[in-house]
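In what follows, a single structure is set out as structure tokens and then discussed.
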Amino acid sequence: MGKLLEIYNLSKSFGGVRAVRDVSLSMDSNQIISIIGPNGAGKTTIFNLISGVYKPDAGRILFMGKDIVGKPQHEIARMGVSRTFQNIRLFKGLTVLENVMTALDAYSNYSLFSAMLGLPHKRQIDKTNMLRALEALQIVGLSKYRDEHPTDLPYGLQRRVELARAIVSQPKLLMLDEPAAGLNPSELAAFIGLIAELKQRFGFGILIIEHRMQVVNELSEHIYVLNFGNLLTHGKPQEVCNDPEVIKAYIGEDSSSVTNQKSLCQL
């Protein structure tokens with residue numbers, strides 16, 4: 001079986017700033033990979049390039065062996081790529097259930113005519129989508145909040161609503177952009193357990209951007225480190241955490257004192 005995701009020599013500039021420079025990475029299905037690095041390293045730009053928000057200046061992105069560079073976002077999503085965002089993006093005027101159902105709109109093959117008249121075909125699709133959304137909410141532990149509005153929920157539960165919306169389309173690749181941001185220690189531990197459970201249950205690949213090293217270390221099988229848009233190094237968590245250049249990039253100290261710092265795995 002081929003790779004789930006392959007990125008070759010990817011580059012992207014904004015004006016005179018090179019956000020991503022000649023970055024390559026790959027991952028298999030049923031694998032959790034993390035991308036880490038200081039603020040401004042180019043991590044979210046990588047996500048935006050994969051999901052079609054931006055088109056790269058150079059390089060290739062293969063998803064299940066197919067080149068997706070230049071494809072529109074909705075087409076990439078239909079191929080099986082789903083993501084969350086660094087800043088929560090939920091619809092304030094919709095309920096939790098309706099927020100999750102919006103992710104299925106792109107897969108609903110009824111006409112505008114059917115929608116306007118509420119024909120049986122459209123009603124059947126809506127019912128199917130609702131059942132799928134309810135299942136996703138049950139999986140992330142939010143069934144009892146289905147009729148609430150997301151803004152009325154604690155921050156940690158809002159993160160779960162976004163996660164439910166990402167998994168309801170049954171993706172092959174789930175991309176999570178700083179999913180643990182703002183979570184307290186108990187929420188963090190529960191979140192780590194949930195992501196591990198999702199991987200076991202669905203077998204999709206998971207690509208994570210995260211600053212909280214507890215998430216990275218407990219979930220990741222492989223880590224890629226970006227710094228100023230460049231791929232600094234990659235490897236298994238323990239190797240990366242103890243790499244002096246990685247520690248230097250995070251702590252910002254000269255190399256002579258880096259060796260005295262504790263491993264990133266302990267941060």
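Here, A, B, ... name the chains of the structure tokens in the order displayed, residue numbers run from 1 inside each chain, and ligands are numbered from 1 in the same displayed order.
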
*Within 6 Å of Ala136 of chain A, counting only C-alpha atoms, which residues show up once you throw out same-chain ones fewer than 2 positions away? Write them as a ChimeraX atom specification, please.*
/A:133-134,138-139,164,168

*So which residues of segment 142-261 of chain A fall under strand (DSSP E or B) by DSSP, listed as an NGL selection string?*
:A and (173-177 or 205-209 or 222-227 or 230-235)

File of the preceding selection, N, CA and C atoms, as a PDB file, in the first residue's frame:
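That gives us result35.pdb:
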ATOM      1  N   LEU A 173      -7.696  11.387   6.133  1.00  0.00           N
ATOM      2  CA  LEU A 173      -6.649  12.171   6.789  1.00  0.00           C
ATOM      3  C   LEU A 173      -7.313  13.255   7.626  1.00  0.00           C
ATOM      4  N   LEU A 174      -7.025  13.254   8.920  1.00  0.00           N
ATOM      5  CA  LEU A 174      -7.549  14.257   9.847  1.00  0.00           C
ATOM      6  C   LEU A 174      -6.405  15.165  10.264  1.00  0.00           C
ATOM      7  N   MET A 175      -6.537  16.464   9.994  1.00  0.00           N
ATOM      8  CA  MET A 175      -5.504  17.433  10.335  1.00  0.00           C
ATOM      9  C   MET A 175      -6.003  18.324  11.469  1.00  0.00           C
ATOM     10  N   LEU A 176      -5.266  18.356  12.558  1.00  0.00           N
ATOM     11  CA  LEU A 176      -5.658  19.085  13.757  1.00  0.00           C
ATOM     12  C   LEU A 176      -4.645  20.203  14.022  1.00  0.00           C
ATOM     13  N   ASP A 177      -5.118  21.452  13.957  1.00  0.00           N
ATOM     14  CA  ASP A 177      -4.250  22.608  14.139  1.00  0.00           C
ATOM     15  C   ASP A 177      -4.377  23.121  15.571  1.00  0.00           C
ATOM     16  N   GLY A 205      -5.303   8.492   9.123  1.00  0.00           N
ATOM     17  CA  GLY A 205      -4.073   9.167   9.480  1.00  0.00           C
ATOM     18  C   GLY A 205      -4.390  10.480  10.176  1.00  0.00           C
ATOM     19  N   ILE A 206      -3.570  10.860  11.142  1.00  0.00           N
ATOM     20  CA  ILE A 206      -3.783  12.103  11.880  1.00  0.00           C
ATOM     21  C   ILE A 206      -2.511  12.930  11.836  1.00  0.00           C
ATOM     22  N   LEU A 207      -2.641  14.151  11.346  1.00  0.00           N
ATOM     23  CA  LEU A 207      -1.527  15.086  11.277  1.00  0.00           C
ATOM     24  C   LEU A 207      -1.824  16.231  12.244  1.00  0.00           C
ATOM     25  N   ILE A 208      -0.922  16.448  13.199  1.00  0.00           N
ATOM     26  CA  ILE A 208      -1.171  17.396  14.286  1.00  0.00           C
ATOM     27  C   ILE A 208      -0.130  18.507  14.289  1.00  0.00           C
ATOM     28  N   ILE A 209      -0.603  19.747  14.416  1.00  0.00           N
ATOM     29  CA  ILE A 209       0.250  20.879  14.790  1.00  0.00           C
ATOM     30  C   ILE A 209      -0.024  21.160  16.258  1.00  0.00           C
ATOM     31  N   HIS A 222       5.955   9.947  14.872  1.00  0.00           N
ATOM     32  CA  HIS A 222       7.045  10.618  14.173  1.00  0.00           C
ATOM     33  C   HIS A 222       6.782  12.120  14.264  1.00  0.00           C
ATOM     34  N   ILE A 223       7.849  12.907  14.360  1.00  0.00           N
ATOM     35  CA  ILE A 223       7.732  14.356  14.502  1.00  0.00           C
ATOM     36  C   ILE A 223       8.583  15.042  13.447  1.00  0.00           C
ATOM     37  N   TYR A 224       7.984  16.055  12.809  1.00  0.00           N
ATOM     38  CA  TYR A 224       8.717  16.940  11.904  1.00  0.00           C
ATOM     39  C   TYR A 224       8.850  18.294  12.586  1.00  0.00           C
ATOM     40  N   VAL A 225      10.054  18.868  12.544  1.00  0.00           N
ATOM     41  CA  VAL A 225      10.313  20.146  13.207  1.00  0.00           C
ATOM     42  C   VAL A 225      10.602  21.216  12.155  1.00  0.00           C
ATOM     43  N   LEU A 226       9.804  22.281  12.178  1.00  0.00           N
ATOM     44  CA  LEU A 226      10.021  23.427  11.289  1.00  0.00           C
ATOM     45  C   LEU A 226      10.606  24.593  12.073  1.00  0.00           C
ATOM     46  N   ASN A 227      11.438  25.371  11.396  1.00  0.00           N
ATOM     47  CA  ASN A 227      11.980  26.586  11.990  1.00  0.00           C
ATOM     48  C   ASN A 227      12.236  27.586  10.872  1.00  0.00           C
ATOM     49  N   ASN A 230      11.865  26.281   7.345  1.00  0.00           N
ATOM     50  CA  ASN A 230      12.724  25.174   6.931  1.00  0.00           C
ATOM     51  C   ASN A 230      12.451  23.925   7.771  1.00  0.00           C
ATOM     52  N   LEU A 231      12.648  22.769   7.176  1.00  0.00           N
ATOM     53  CA  LEU A 231      12.575  21.525   7.927  1.00  0.00           C
ATOM     54  C   LEU A 231      13.889  21.358   8.673  1.00  0.00           C
ATOM     55  N   LEU A 232      13.835  21.508   9.996  1.00  0.00           N
ATOM     56  CA  LEU A 232      15.040  21.445  10.809  1.00  0.00           C
ATOM     57  C   LEU A 232      15.514  20.017  10.986  1.00  0.00           C
ATOM     58  N   THR A 233      14.562  19.137  11.325  1.00  0.00           N
ATOM     59  CA  THR A 233      14.875  17.711  11.497  1.00  0.00           C
ATOM     60  C   THR A 233      13.574  16.941  11.602  1.00  0.00           C
ATOM     61  N   HIS A 234      13.657  15.629  11.621  1.00  0.00           N
ATOM     62  CA  HIS A 234      12.479  14.802  11.887  1.00  0.00           C
ATOM     63  C   HIS A 234      12.955  13.475  12.453  1.00  0.00           C
ATOM     64  N   GLY A 235      12.056  12.806  13.165  1.00  0.00           N
ATOM     65  CA  GLY A 235      12.403  11.523  13.778  1.00  0.00           C
ATOM     66  C   GLY A 235      11.391  11.128  14.818  1.00  0.00           C
TER      67      GLY A 235
END

*asked:* Taking the DSSP secondary structure from the backbone, can you list the residues of segment 12-246 of chain A that are alpha helix (DSSP H), as a ChimeraX atom specification?
replied: /A:43-50,73-79,96-101,112-117,120-139,155-167,185-202,213-219,237-241,244-246

_Computed interatomic separation between atom CA of Met213 of chain A and atom CA of Cys241 of chain A (Å)_ = 9.1 Å

_Exercise: Gly2 of chain A partners within 9 Å, only C-alpha atoms, chain neighbours under 2 positions left out, as a VMD selection string_ = chain A and resid 4 to 5 28 64 to 65

*asked:* For a test of reading the model, state the distance in Å between atom CA of Glu239 of chain A and atom CA of Lys43 of chain A, rounded to one decimal.
replied: 20.0 Å

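Minimum atom-to-atom distances from A:Asn217, A:Ser143, A:Ala41, A:Phe204 to Met27 of chain A were compared using only C-alpha atoms, and the lowest value belongs to A:Phe204.
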
*Just how far from atom CA of Ser34 of chain A is atom CA of Arg60 of chain A, in Å to one decimal?*
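Those two atoms sit 19.7 Å apart.
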
_Give me the residues near Asp22 of chain A as a PyMOL selection string, where near means some atom within 9 Å (using only C-alpha atoms) and where sequence neighbours in that chain fewer than 2 positions away do not count._
chain A and resi 8-12+20+24+58-59+229-231

*May I have the residues within 12 Å of Tyr54 of chain A as a list in words, using only C-alpha atoms and disregarding those fewer than 3 positions away in the same chain?*
Leu10, Ser11, Lys12, Ser13, Phe14, Ala19, Val20, Thr44, Thr45, Ile46, Phe47, Asn48, Leu49, Ile50, Ser51, Asp57, Ala58, Ile68, Val69, Gly70, Lys71, Pro72 and Gln73 of chain A

*Please provide the set of residues having any atom within 8 Å of Glu148 of chain A, restricted to only C-alpha atoms, with same-chain residues fewer than 3 positions apart removed, written as number ranges by chain.*
A: 95-96, 145, 152-153

*Could you name the residues that touch Ala181 of chain A at 8 Å or less, counting only C-alpha atoms, but leaving out those on the same chain fewer than 3 positions away, as number ranges by chain?*
A: 86, 178, 212

Go ahead and dump the residues you just picked, N, CA and C atoms, as a short mmCIF file (atom, residue, chain, number, x, y, z; two decimals), in the first residue's frame.
data_model
loop_
_atom_site.label_atom_id
_atom_site.label_comp_id
_atom_site.auth_asym_id
_atom_site.auth_seq_id
_atom_site.Cartn_x
_atom_site.Cartn_y
_atom_site.Cartn_z
N GLN A 86 -6.71 26.53 14.07
CA GLN A 86 -6.06 27.04 15.27
C GLN A 86 -7.03 27.85 16.12
N GLU A 178 -3.38 22.83 16.39
CA GLU A 178 -3.34 23.20 17.81
C GLU A 178 -4.64 22.84 18.52
N ARG A 212 1.88 22.09 22.72
CA ARG A 212 1.93 21.41 24.02
C ARG A 212 2.56 20.03 23.83
#

*A:Asn129, A:Val140, A:Ile247, A:Glu210 ranked by distance to Gly193 of chain A, top pick (using only C-alpha atoms)*: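 That would be A:Val140, the residue with the smallest distance to Gly193 of chain A.
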
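Nearest-residue note for Pro154 of chain A: choosing from A:Gln238, A:Asn184, A:Gln214, A:Thr102, the minimum distance belongs to A:Asn184, counting only C-alpha atoms.
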